[in-house]
file target.cif (mmCIF, C-alpha atoms and all ligand atoms)
data_model
#
loop_
_atom_site.label_atom_id
_atom_site.label_comp_id
_atom_site.auth_asym_id
_atom_site.auth_seq_id
_atom_site.Cartn_x
_atom_site.Cartn_y
_atom_site.Cartn_z
CA MET C 114 85.15 22.03 -80.13
CA ALA C 115 88.70 20.76 -79.96
CA THR C 116 91.05 23.25 -78.35
CA MET C 117 94.26 24.24 -80.06
CA THR C 118 96.12 22.64 -77.16
CA HIS C 119 94.68 19.25 -78.15
CA GLU C 120 93.77 18.15 -74.63
CA VAL C 121 91.76 15.14 -75.77
CA LEU C 122 94.56 13.98 -78.03
CA ALA C 123 97.08 14.47 -75.24
CA GLN C 124 95.05 12.14 -73.02
CA ALA C 125 94.40 9.55 -75.69
CA ASP C 126 97.85 9.43 -77.22
CA PRO C 127 100.50 11.34 -75.28
CA GLU C 128 103.32 10.37 -77.66
CA ALA C 129 101.61 11.62 -80.82
CA ALA C 130 100.38 14.71 -78.98
CA ALA C 131 103.86 15.51 -77.72
CA ALA C 132 105.36 15.29 -81.20
CA ILE C 133 102.59 17.52 -82.58
CA GLY C 134 103.20 19.93 -79.71
CA ARG C 135 106.89 20.15 -80.54
CA GLU C 136 106.07 20.87 -84.17
CA ARG C 137 103.58 23.57 -83.06
CA ARG C 138 106.30 25.21 -81.03
CA ARG C 139 108.77 24.98 -83.91
CA GLN C 140 106.28 26.76 -86.17
CA VAL C 141 105.77 29.53 -83.62
CA ASP C 142 109.34 30.05 -82.46
CA GLY C 143 111.14 29.66 -85.76
CA ILE C 144 111.33 31.74 -88.91
CA GLU C 145 109.65 29.76 -91.69
CA LEU C 146 111.20 30.51 -95.06
CA ILE C 147 110.39 27.34 -96.97
CA ALA C 148 108.90 28.79 -100.15
CA SER C 149 106.24 26.10 -100.48
CA GLU C 150 104.88 26.51 -96.94
CA ASN C 151 102.51 28.90 -95.22
CA TYR C 152 100.33 29.18 -92.10
CA VAL C 153 96.62 28.55 -92.66
CA SER C 154 94.01 30.55 -90.77
CA GLU C 155 92.32 29.20 -87.69
CA ALA C 156 89.12 28.78 -89.75
CA VAL C 157 90.94 26.58 -92.28
CA LEU C 158 92.51 24.55 -89.45
CA GLU C 159 89.09 24.02 -87.92
CA ALA C 160 87.50 23.00 -91.22
CA VAL C 161 90.19 20.39 -91.83
CA GLY C 162 89.68 19.00 -88.33
CA THR C 163 85.95 18.38 -88.72
CA VAL C 164 83.72 15.32 -89.00
CA LEU C 165 83.90 15.54 -92.77
CA THR C 166 86.88 13.21 -92.48
CA ASN C 167 84.36 10.46 -91.72
CA LYS C 168 82.56 10.69 -95.06
CA TYR C 169 83.06 8.74 -98.30
CA ALA C 170 81.91 10.70 -101.33
CA GLU C 171 83.28 9.09 -104.50
CA GLY C 172 81.93 10.96 -107.50
CA LEU C 173 80.99 14.59 -107.90
CA PRO C 174 78.34 16.75 -106.18
CA GLY C 175 74.89 15.37 -107.10
CA LYS C 176 76.50 12.29 -108.72
CA ARG C 177 77.96 10.25 -105.86
CA TYR C 178 78.40 6.52 -105.38
CA TYR C 179 77.38 6.74 -101.70
CA GLY C 180 74.30 7.90 -99.83
CA GLY C 181 74.31 10.68 -97.27
CA CYS C 182 76.32 13.07 -99.39
CA GLU C 183 73.93 16.03 -99.36
CA PHE C 184 75.98 18.11 -96.92
CA VAL C 185 79.43 17.33 -98.29
CA ASP C 186 77.95 18.19 -101.69
CA GLU C 187 77.22 21.66 -100.37
CA VAL C 188 80.82 22.01 -99.24
CA GLU C 189 82.31 20.85 -102.54
CA VAL C 190 79.96 23.11 -104.52
CA LEU C 191 81.19 26.04 -102.42
CA ALA C 192 84.83 25.16 -103.06
CA ILE C 193 84.29 24.75 -106.82
CA GLY C 194 82.32 27.99 -107.18
CA ARG C 195 84.82 30.00 -105.17
CA VAL C 196 87.95 28.77 -106.92
CA LYS C 197 86.33 29.37 -110.34
CA GLU C 198 85.49 32.91 -109.28
CA LEU C 199 88.95 33.47 -107.79
CA PHE C 200 90.78 32.56 -111.00
CA GLY C 201 88.07 33.29 -113.59
CA ALA C 202 88.11 29.65 -114.73
CA GLY C 203 85.32 27.87 -116.60
CA HIS C 204 85.74 24.56 -114.77
CA ALA C 205 87.37 23.38 -111.55
CA ASN C 206 88.07 20.05 -109.90
CA VAL C 207 88.94 20.44 -106.22
CA GLN C 208 89.47 16.76 -105.41
CA PRO C 209 93.22 16.17 -106.04
CA HIS C 210 94.87 15.19 -102.79
CA SER C 211 98.09 17.04 -103.69
CA GLY C 212 99.90 18.93 -106.40
CA ALA C 213 101.49 15.74 -107.70
CA SER C 214 98.11 14.00 -108.01
CA ALA C 215 96.65 17.09 -109.70
CA ASN C 216 99.47 16.97 -112.25
CA LEU C 217 99.08 13.22 -112.77
CA ALA C 218 95.35 13.55 -113.46
CA ALA C 219 95.75 16.64 -115.64
CA TYR C 220 98.38 14.98 -117.83
CA PHE C 221 96.43 11.78 -118.32
CA SER C 222 93.25 13.66 -119.21
CA LEU C 223 94.98 14.71 -122.46
CA LEU C 224 98.09 12.54 -122.87
CA ASN C 225 98.88 8.85 -123.38
CA TYR C 226 101.74 6.71 -122.15
CA GLY C 227 104.90 7.45 -124.08
CA ASP C 228 103.84 10.91 -125.29
CA LYS C 229 106.56 13.54 -125.38
CA ILE C 230 106.46 16.28 -122.77
CA LEU C 231 108.69 19.34 -122.42
CA GLY C 232 109.19 20.88 -118.99
CA LEU C 233 111.64 23.01 -117.03
CA ASN C 234 114.66 21.03 -115.85
CA LEU C 235 114.42 20.22 -112.12
CA ALA C 236 118.02 21.33 -111.58
CA GLU C 237 117.17 24.77 -112.96
CA GLY C 238 113.95 25.39 -111.06
CA GLY C 239 111.46 22.82 -112.37
CA HIS C 240 109.62 20.11 -110.48
CA LEU C 241 109.79 16.32 -110.13
CA THR C 242 106.41 15.97 -111.82
CA HIS C 243 107.56 17.90 -114.87
CA GLY C 244 109.41 14.90 -116.31
CA LYS C 245 112.09 13.79 -113.84
CA ASP C 246 113.19 10.21 -114.54
CA VAL C 247 112.52 8.98 -110.98
CA ASN C 248 108.96 10.34 -111.07
CA PHE C 249 105.85 8.98 -112.83
CA SER C 250 106.15 11.90 -115.25
CA GLY C 251 109.56 10.73 -116.45
CA ARG C 252 108.63 7.06 -116.43
CA PHE C 253 105.28 7.25 -118.23
CA PHE C 254 106.18 9.96 -120.74
CA GLU C 255 109.16 10.70 -122.94
CA ALA C 256 110.45 13.74 -121.08
CA HIS C 257 112.49 16.57 -122.57
CA PHE C 258 113.61 19.74 -120.87
CA TYR C 259 114.24 23.42 -121.35
CA GLY C 260 116.37 25.37 -118.90
CA VAL C 261 117.22 28.89 -117.83
CA ASP C 262 120.05 31.06 -119.09
CA HIS C 263 123.00 30.45 -116.76
CA GLU C 264 124.08 34.09 -116.88
CA THR C 265 120.75 35.79 -116.28
CA GLY C 266 118.87 33.01 -114.49
CA LEU C 267 115.90 33.72 -116.77
CA ILE C 268 113.87 31.46 -119.05
CA ASP C 269 114.94 32.22 -122.62
CA TYR C 270 111.68 31.87 -124.54
CA ASP C 271 113.44 31.73 -127.92
CA LYS C 272 115.40 28.73 -126.69
CA VAL C 273 112.18 27.11 -125.42
CA LEU C 274 110.71 27.52 -128.90
CA GLU C 275 113.85 26.09 -130.48
CA LYS C 276 113.67 23.06 -128.18
CA ALA C 277 109.94 22.64 -128.80
CA LYS C 278 110.52 22.62 -132.56
CA GLU C 279 113.24 20.02 -132.14
CA VAL C 280 111.26 17.76 -129.78
CA ARG C 281 107.69 18.32 -131.11
CA PRO C 282 106.18 17.52 -127.68
CA ARG C 283 102.52 16.66 -127.19
CA ALA C 284 102.55 18.94 -124.15
CA ILE C 285 104.62 21.77 -122.73
CA ILE C 286 104.64 22.37 -118.97
CA ALA C 287 105.05 25.95 -117.80
CA GLY C 288 105.70 26.27 -114.09
CA ALA C 289 108.44 25.99 -111.52
CA SER C 290 109.29 25.37 -107.91
CA ALA C 291 112.41 27.52 -107.76
CA TYR C 292 112.10 30.33 -110.29
CA SER C 293 111.89 33.87 -108.98
CA ARG C 294 110.73 35.77 -112.06
CA ILE C 295 107.42 36.27 -113.86
CA ILE C 296 106.42 33.32 -116.04
CA ASP C 297 105.09 34.49 -119.39
CA PHE C 298 102.15 32.13 -119.94
CA ARG C 299 101.06 34.01 -123.07
CA ARG C 300 104.44 33.39 -124.69
CA PHE C 301 104.34 29.75 -123.62
CA ARG C 302 100.96 29.35 -125.34
CA GLU C 303 102.30 30.90 -128.53
CA ILE C 304 105.15 28.37 -128.45
CA ALA C 305 102.75 25.51 -127.76
CA ASP C 306 100.50 26.61 -130.63
CA GLU C 307 103.46 26.87 -132.97
CA VAL C 308 104.35 23.20 -132.42
CA GLY C 309 100.81 21.89 -131.95
CA ALA C 310 101.25 21.05 -128.24
CA TYR C 311 98.97 21.35 -125.24
CA LEU C 312 100.04 23.83 -122.60
CA PHE C 313 99.87 22.79 -118.96
CA ALA C 314 100.49 25.51 -116.37
CA ASP C 315 101.64 24.42 -112.92
CA ILE C 316 100.93 27.47 -110.76
CA ALA C 317 101.40 25.70 -107.40
CA HIS C 318 103.92 28.23 -106.12
CA ILE C 319 102.39 31.41 -107.49
CA ALA C 320 98.65 30.66 -107.15
CA GLY C 321 98.22 33.16 -104.31
CA LEU C 322 100.08 35.80 -106.26
CA ILE C 323 97.86 35.26 -109.30
CA ALA C 324 94.75 35.37 -107.09
CA GLY C 325 96.07 38.53 -105.44
CA GLY C 326 96.88 40.29 -108.71
CA MET C 327 100.68 40.13 -108.35
CA HIS C 328 101.44 37.71 -111.21
CA PRO C 329 99.83 37.37 -114.66
CA THR C 330 97.37 34.51 -114.85
CA SER C 331 97.68 31.25 -116.78
CA ILE C 332 93.91 31.13 -117.32
CA GLY C 333 93.07 31.82 -120.95
CA HIS C 334 96.55 30.69 -122.00
CA ALA C 335 97.03 27.17 -120.64
CA HIS C 336 94.70 24.36 -121.71
CA ILE C 337 94.88 23.05 -118.15
CA THR C 338 96.16 24.74 -115.00
CA MET C 339 97.21 22.67 -111.98
CA SER C 340 97.92 23.96 -108.50
CA THR C 341 98.37 23.23 -104.86
CA ALA C 342 96.29 25.14 -102.34
CA HIS C 343 98.86 25.43 -99.58
CA LYS C 344 101.69 27.64 -100.76
CA THR C 345 101.10 31.34 -101.47
CA LEU C 346 97.34 30.59 -101.68
CA ARG C 347 97.39 29.68 -97.95
CA GLY C 348 94.94 26.80 -97.99
CA PRO C 349 95.21 23.27 -96.60
CA ARG C 350 97.78 20.87 -98.06
CA SER C 351 96.10 19.69 -101.29
CA GLY C 352 95.65 20.34 -105.01
CA PHE C 353 93.11 21.43 -107.60
CA ILE C 354 92.77 21.67 -111.38
CA LEU C 355 91.33 24.48 -113.51
CA THR C 356 90.32 24.29 -117.14
CA ASP C 357 87.45 25.24 -119.46
CA GLU C 358 84.00 23.67 -119.92
CA GLU C 359 85.20 21.61 -122.89
CA LEU C 360 88.15 19.89 -121.19
CA GLY C 361 86.52 19.82 -117.73
CA PRO C 362 84.64 16.49 -118.01
CA GLY C 363 87.83 14.71 -119.13
CA VAL C 364 89.71 16.11 -116.15
CA ASP C 365 86.93 15.07 -113.75
CA LYS C 366 86.93 11.52 -115.09
CA THR C 367 90.69 11.25 -114.84
CA VAL C 368 90.70 12.39 -111.21
CA PHE C 369 87.92 9.90 -110.37
CA PRO C 370 87.68 7.05 -111.22
CA GLY C 371 90.95 7.43 -113.11
CA MET C 372 93.41 8.21 -110.34
CA GLN C 373 91.77 8.66 -106.96
CA GLY C 374 89.12 7.07 -104.81
CA GLY C 375 87.13 8.98 -102.22
CA PRO C 376 87.93 12.69 -102.02
CA LEU C 377 89.14 14.07 -98.68
CA MET C 378 86.00 16.05 -97.85
CA HIS C 379 87.46 17.65 -94.71
CA VAL C 380 90.33 19.02 -96.82
CA ILE C 381 87.89 20.18 -99.49
CA ALA C 382 86.10 22.08 -96.71
CA GLY C 383 89.44 23.69 -95.81
CA LYS C 384 89.91 24.63 -99.47
CA ALA C 385 86.44 26.20 -99.60
CA VAL C 386 87.30 28.35 -96.56
CA ALA C 387 90.71 29.33 -97.94
CA PHE C 388 89.27 30.25 -101.35
CA ARG C 389 86.75 32.50 -99.61
CA GLU C 390 89.59 34.16 -97.70
CA ALA C 391 91.51 34.68 -100.94
CA LEU C 392 88.46 36.39 -102.48
CA GLN C 393 88.57 39.12 -99.82
CA PRO C 394 90.23 42.47 -100.66
CA SER C 395 92.70 41.91 -97.80
CA PHE C 396 94.21 39.00 -99.73
CA ARG C 397 95.39 41.37 -102.46
CA ASP C 398 97.20 43.31 -99.78
CA TYR C 399 98.74 40.06 -98.49
CA ALA C 400 99.97 39.11 -101.99
CA ARG C 401 101.52 42.54 -102.44
CA ARG C 402 103.32 42.31 -99.10
CA VAL C 403 104.60 38.80 -99.94
CA VAL C 404 106.35 40.17 -103.02
CA GLU C 405 107.62 43.29 -101.20
CA ASN C 406 109.10 41.15 -98.44
CA ALA C 407 110.83 38.77 -100.87
CA GLN C 408 112.25 41.78 -102.71
CA ALA C 409 113.48 43.30 -99.44
CA MET C 410 115.27 40.05 -98.55
CA ALA C 411 116.81 39.77 -102.03
CA ALA C 412 118.08 43.36 -101.89
CA ALA C 413 119.52 42.79 -98.42
CA PHE C 414 121.45 39.67 -99.48
CA VAL C 415 122.89 41.43 -102.52
CA GLU C 416 123.85 44.44 -100.39
CA ARG C 417 125.64 42.13 -97.94
CA GLY C 418 127.63 40.48 -100.73
CA ILE C 419 125.69 37.25 -101.24
CA PRO C 420 124.39 36.99 -104.82
CA VAL C 421 120.81 36.10 -105.61
CA ILE C 422 120.04 34.22 -108.83
CA SER C 423 118.72 36.63 -111.51
CA GLY C 424 119.66 39.52 -109.20
CA GLY C 425 116.32 39.64 -107.36
CA THR C 426 112.75 38.43 -107.48
CA ASP C 427 109.33 39.22 -108.89
CA ASN C 428 107.50 36.73 -106.70
CA HIS C 429 107.56 35.11 -103.25
CA LEU C 430 110.94 33.39 -103.46
CA LEU C 431 114.60 33.92 -104.08
CA LEU C 432 117.49 31.60 -104.72
CA VAL C 433 120.51 32.62 -102.69
CA ASP C 434 123.88 31.58 -104.13
CA VAL C 435 125.60 30.50 -100.90
CA GLY C 436 128.16 28.53 -102.92
CA SER C 437 129.68 31.85 -103.92
CA ILE C 438 130.82 32.38 -100.30
CA GLY C 439 132.16 28.84 -100.05
CA ILE C 440 129.26 27.08 -98.33
CA SER C 441 127.13 24.30 -99.81
CA GLY C 442 123.37 24.64 -99.74
CA ARG C 443 123.20 21.58 -97.50
CA LYS C 444 125.54 23.11 -94.95
CA ALA C 445 123.68 26.43 -95.06
CA GLU C 446 120.33 24.66 -94.57
CA ARG C 447 121.68 22.73 -91.57
CA LEU C 448 123.33 25.74 -89.97
CA LEU C 449 120.18 27.80 -90.33
CA ASP C 450 118.10 24.98 -88.84
CA THR C 451 120.26 25.15 -85.70
CA VAL C 452 119.29 28.80 -85.17
CA GLY C 453 115.58 28.27 -85.90
CA ILE C 454 115.47 29.44 -89.52
CA SER C 455 113.93 26.94 -91.99
CA THR C 456 115.05 27.03 -95.61
CA ASN C 457 115.87 24.33 -98.12
CA ARG C 458 118.95 23.72 -100.19
CA ASN C 459 118.43 24.06 -103.89
CA THR C 460 120.50 23.63 -107.01
CA ILE C 461 121.23 26.81 -108.94
CA PRO C 462 121.57 27.33 -112.71
CA GLY C 463 124.91 25.91 -113.88
CA GLU C 464 125.19 23.89 -110.64
CA THR C 465 128.64 22.45 -109.91
CA ARG C 466 127.74 20.49 -106.76
CA SER C 467 125.54 17.37 -106.52
CA ALA C 468 121.81 17.88 -105.96
CA LEU C 469 122.30 16.57 -102.41
CA GLN C 470 124.85 19.27 -101.63
CA ALA C 471 123.67 22.06 -103.98
CA SER C 472 125.02 25.63 -104.09
CA GLY C 473 121.88 27.53 -103.21
CA ILE C 474 119.19 27.92 -100.62
CA ARG C 475 115.61 28.73 -101.54
CA VAL C 476 114.04 31.42 -99.38
CA GLY C 477 110.32 32.24 -99.44
CA SER C 478 108.32 35.06 -97.89
CA ALA C 479 104.76 33.65 -97.84
CA ALA C 480 104.74 32.31 -94.27
CA VAL C 481 106.54 35.18 -92.55
CA THR C 482 104.24 37.64 -94.33
CA THR C 483 101.21 35.75 -92.98
CA ARG C 484 102.49 36.23 -89.42
CA GLY C 485 102.91 39.95 -90.07
CA PHE C 486 106.54 40.52 -91.02
CA GLY C 487 107.07 43.63 -93.13
CA THR C 488 110.06 44.77 -95.15
CA GLN C 489 111.94 45.84 -92.03
CA GLU C 490 111.66 42.38 -90.44
CA SER C 491 112.44 40.73 -93.79
CA THR C 492 115.64 42.74 -94.10
CA ARG C 493 116.53 41.71 -90.56
CA VAL C 494 115.96 38.05 -91.47
CA ALA C 495 118.38 38.36 -94.40
CA ASP C 496 120.81 40.01 -92.04
CA LEU C 497 120.57 37.16 -89.50
CA ILE C 498 121.07 34.57 -92.26
CA THR C 499 124.10 36.47 -93.54
CA GLN C 500 125.62 36.59 -90.03
CA VAL C 501 125.31 32.81 -89.75
CA LEU C 502 126.67 32.08 -93.23
CA GLN C 503 129.60 34.43 -92.81
CA ALA C 504 130.66 32.91 -89.48
CA PRO C 505 129.56 29.27 -89.70
CA GLU C 506 131.99 28.04 -87.04
CA ASP C 507 131.42 30.85 -84.55
CA GLU C 508 129.34 29.44 -81.68
CA ALA C 509 128.82 32.88 -80.17
CA VAL C 510 127.29 34.17 -83.41
CA LEU C 511 125.02 31.12 -83.67
CA ARG C 512 123.85 31.59 -80.07
CA ARG C 513 123.22 35.29 -80.57
CA VAL C 514 121.28 34.71 -83.81
CA SER C 515 119.17 31.97 -82.13
CA ASN C 516 118.18 34.51 -79.48
CA ASP C 517 117.47 37.17 -82.09
CA VAL C 518 115.22 34.73 -83.97
CA LEU C 519 113.22 34.07 -80.79
CA GLU C 520 112.97 37.75 -80.00
CA LEU C 521 111.80 38.53 -83.53
CA THR C 522 109.18 35.79 -83.74
CA SER C 523 107.80 36.44 -80.25
CA GLY C 524 106.30 39.70 -81.51
CA PHE C 525 104.38 38.05 -84.37
CA PRO C 526 101.72 35.48 -83.43
CA VAL C 527 101.01 32.69 -85.88
CA PRO C 528 97.34 32.46 -86.97
CA GLY C 529 95.60 29.56 -85.32
CA ILE C 530 98.30 28.92 -82.75
CA GLU C 531 97.95 30.48 -79.34
CA ARG C 532 101.25 31.09 -77.61
CA ALA C 533 99.54 30.52 -74.30
CA GLY C 534 98.74 26.96 -75.31
CA LEU C 535 102.33 26.02 -76.03
N1 LIG F 601 108.02 20.22 -102.81
C1 LIG F 601 107.37 21.44 -103.23
C2 LIG F 601 108.29 22.60 -103.17
O1 LIG F 601 108.92 22.71 -102.15
O2 LIG F 601 108.37 23.41 -104.06
C3 LIG F 601 106.74 21.32 -104.55
O3 LIG F 601 106.03 20.13 -104.60
#
call {"tool": "encode", "arguments": {"input": "target.cif", "output": "structure tokens"}}
result
Amino acid sequence: MATMTHEVLAQADPEAAAAIGRERRRQVDGIELIASENYVSEAVLEAVGTVLTNKYAEGLPGKRYYGGCEFVDEVEVLAIGRVKELFGAGHANVQPHSGASANLAAYFSLLNYGDKILGLNLAEGGHLTHGKDVNFSGRFFEAHFYGVDHETGLIDYDKVLEKAKEVRPRAIIAGASAYSRIIDFRRFREIADEVGAYLFADIAHIAGLIAGGMHPTSIGHAHITMSTAHKTLRGPRSGFILTDEELGPGVDKTVFPGMQGGPLMHVIAGKAVAFREALQPSFRDYARRVVENAQAMAAAFVERGIPVISGGTDNHLLLVDVGSIGISGRKAERLLDTVGISTNRNTIPGETRSALQASGIRVGSAAVTTRGFGTQESTRVADLITQVLQAPEDEAVLRRVSNDVLELTSGFPVPGIERAGL
């Protein structure tokens, strides 16, 4: 078996191995707060690094276009069965390579070029694939947007209905990449029904919270649910689609041969392992701690005088309004990088800066919770961030916080990465 120190790789390709080694160290030493990232288990890492990468398996289990698929069939059947059980879905396709390809396939299983779609504005928490002009979703469809209330930071469902009545979209997309409150999928379905639209739910960010009982599900409300596996759900980087028995065959055909060629069977193996992990009772505990930690960070920022959009969070992320203390999101992101804290700049509702500069940073708790941080450590993280943002030019503060970050992370091993091997 390959060791986590990658000795064979180091011999065969020292340059690639060295870069991977530096990234491994960054993941261990730093505080990872990017809301769309997590640390997979050692079992998931192993599954993704197996010989399944060698196999072509176009088609579905039992219906492939290649011979020799009997064992990868077993793996894909496991992944499908587990994810259906996890979310209570009637049908699952686990082949999308990513969230974007899951969305692409889901849309085209029900929509045609030029159809109208209505999604959450990217600048107010949406996603590129929900209709942004530079993305396929904005180029292939006629995209319209709803937003959030600039005062409260919340989706105003009456306004969504108003917009839906005005636009008459063929599909409404419910989902976000920077929204910290519960998404009311039931209400979205009522709106969709009222205007005769399909409802697509993009649960990429909150999938682990839904699986762990910390967020209401989209299943039973959305016609099609799309997700990634690698955020709060803690699987390998990839996507999947859930729907019912009626719409399932159309989704399958749109994934392959519609959009993709051979599925990445090694990644599907990683998904199968991660879905099994998420079915364990301990995953519910993880999901609860993710939300508690995000709430502890939000409360700590507010207490220290840095506002958080909507005043707090119901999920794994918060949007911190760093613009309010005179720093752009870009500057905050860069400063925090220098002390070993990874975040990303993000626009905030009513943004006054360009998207490149932005006035917010997005902070997520999924990865730090995986390595064992509790509310005490999360509060300390918010405190360290505040120290940096309040004294951005003070080299002594930056040095001290860098040391504090190392001290904090050294007590919390990352799953699948041995410190000794660094
Ligand atoms: N880029 C991801 C995120 O950070 O939310 C979504 O695709």
call {"tool": "residues_near_ligand", "arguments": {"input": "target.cif", "ligand": "ligand LIG 601 (chain F)", "cutoff": "12 Å", "atoms": "only C-alpha atoms and all ligand atoms", "output": "PyMOL selection string"}}
result
chain C and resi 146-151+211-216+235+238-243+288-292+315-319+339-345+350-352+429-430+456-459+474-477
call {"tool": "atom_distance", "arguments": {"input": "target.cif", "atom1": "atom CA of C:Gln373", "atom2": "atom CA of C:Ala284"}}
result
22.7 Å
call {"tool": "residues_near_point", "arguments": {"input": "target.cif", "point": "(96.7, 41.1, -93.7)", "cutoff": "10 Å", "atoms": "all atoms listed in the file", "output": "JSON, numbers by chain"}}
result
{"C": [394, 395, 396, 397, 398, 399, 400, 402, 482, 483, 484, 485]}
call {"tool": "residues_around", "arguments": {"input": "target.cif", "residues": "stretch 263-271 of chain C", "least_positions_apart": "2", "cutoff": "12 Å", "atoms": "only C-alpha atoms", "output": "NGL selection string"}}
result
:C and (232-234 or 236-239 or 258-261 or 273-278 or 287-289 or 291-305 or 420-427 or 431-434 or 461-465)
call {"tool": "atom_distance", "arguments": {"input": "target.cif", "atom1": "atom CA of C:Pro282", "atom2": "atom CA of C:Asn428"}}
result
28.5 Å
call {"tool": "atom_distance", "arguments": {"input": "target.cif", "atom1": "atom CA of C:Glu359", "atom2": "atom CA of C:Ser222"}}
result
11.9 Å
call {"tool": "residues_around", "arguments": {"input": "target.cif", "residues": "stretch 516-526 of chain C", "least_positions_apart": "6", "cutoff": "8 Å", "atoms": "only C-alpha atoms", "output": "PDB file with C-alpha atoms, in the coordinates of the input"}}
result
ATOM      1  CA  VAL C 141     105.770  29.530 -83.620  1.00  0.00           C
ATOM      2  CA  ASP C 142     109.340  30.050 -82.460  1.00  0.00           C
ATOM      3  CA  GLY C 143     111.140  29.660 -85.760  1.00  0.00           C
ATOM      4  CA  ILE C 144     111.330  31.740 -88.910  1.00  0.00           C
ATOM      5  CA  VAL C 452     119.290  28.800 -85.170  1.00  0.00           C
ATOM      6  CA  GLY C 453     115.580  28.270 -85.900  1.00  0.00           C
ATOM      7  CA  ILE C 454     115.470  29.440 -89.520  1.00  0.00           C
ATOM      8  CA  ARG C 484     102.490  36.230 -89.420  1.00  0.00           C
ATOM      9  CA  GLY C 485     102.910  39.950 -90.070  1.00  0.00           C
ATOM     10  CA  PHE C 486     106.540  40.520 -91.020  1.00  0.00           C
ATOM     11  CA  GLU C 490     111.660  42.380 -90.440  1.00  0.00           C
ATOM     12  CA  ARG C 532     101.250  31.090 -77.610  1.00  0.00           C
TER      13      ARG C 532
END
call {"tool": "closest_atom_pairs", "arguments": {"input": "target.cif", "of": "stretch 154-192 of chain C", "to": "stretch 385-389 of chain C", "cutoff": "12 Å", "atoms": "all atoms listed in the file", "output": "JSON lines"}}
result
{"residue": "C:Ser154", "atom": "CA", "partner": "C:Ala387", "partner_atom": "CA", "distance": 8.0}
{"residue": "C:Glu155", "atom": "CA", "partner": "C:Val386", "partner_atom": "CA", "distance": 10.2}
{"residue": "C:Ala156", "atom": "CA", "partner": "C:Val386", "partner_atom": "CA", "distance": 7.1}
{"residue": "C:Val157", "atom": "CA", "partner": "C:Val386", "partner_atom": "CA", "distance": 5.9}
{"residue": "C:Leu158", "atom": "CA", "partner": "C:Val386", "partner_atom": "CA", "distance": 9.6}
{"residue": "C:Glu159", "atom": "CA", "partner": "C:Val386", "partner_atom": "CA", "distance": 9.8}
{"residue": "C:Ala160", "atom": "CA", "partner": "C:Val386", "partner_atom": "CA", "distance": 7.6}
{"residue": "C:Val161", "atom": "CA", "partner": "C:Val386", "partner_atom": "CA", "distance": 9.7}
{"residue": "C:Val185", "atom": "CA", "partner": "C:Ala385", "partner_atom": "CA", "distance": 11.4}
{"residue": "C:Asp186", "atom": "CA", "partner": "C:Ala385", "partner_atom": "CA", "distance": 11.9}
{"residue": "C:Glu187", "atom": "CA", "partner": "C:Ala385", "partner_atom": "CA", "distance": 10.3}
{"residue": "C:Val188", "atom": "CA", "partner": "C:Ala385", "partner_atom": "CA", "distance": 7.0}
{"residue": "C:Glu189", "atom": "CA", "partner": "C:Ala385", "partner_atom": "CA", "distance": 7.4}
{"residue": "C:Val190", "atom": "CA", "partner": "C:Ala385", "partner_atom": "CA", "distance": 8.7}
{"residue": "C:Leu191", "atom": "CA", "partner": "C:Ala385", "partner_atom": "CA", "distance": 6.0}
{"residue": "C:Ala192", "atom": "CA", "partner": "C:Ala385", "partner_atom": "CA", "distance": 4.0}
call {"tool": "closest_residue", "arguments": {"input": "target.cif", "among": "C:Glu128, C:Pro376, C:Thr338, C:Ala468", "to": "C:Leu360", "atoms": "all atoms listed in the file"}}
result
C:Thr338
call {"tool": "closest_residue", "arguments": {"input": "target.cif", "among": "C:Ala202, C:Glu405, C:Gly227, C:Asp496", "to": "C:Ser331", "atoms": "only C-alpha atoms"}}
result
C:Ala202
call {"tool": "closest_residue", "arguments": {"input": "target.cif", "among": "C:Val196, C:Val481, C:Ile230, C:Ile440", "to": "C:Leu392", "atoms": "all atoms listed in the file"}}
result
C:Val196
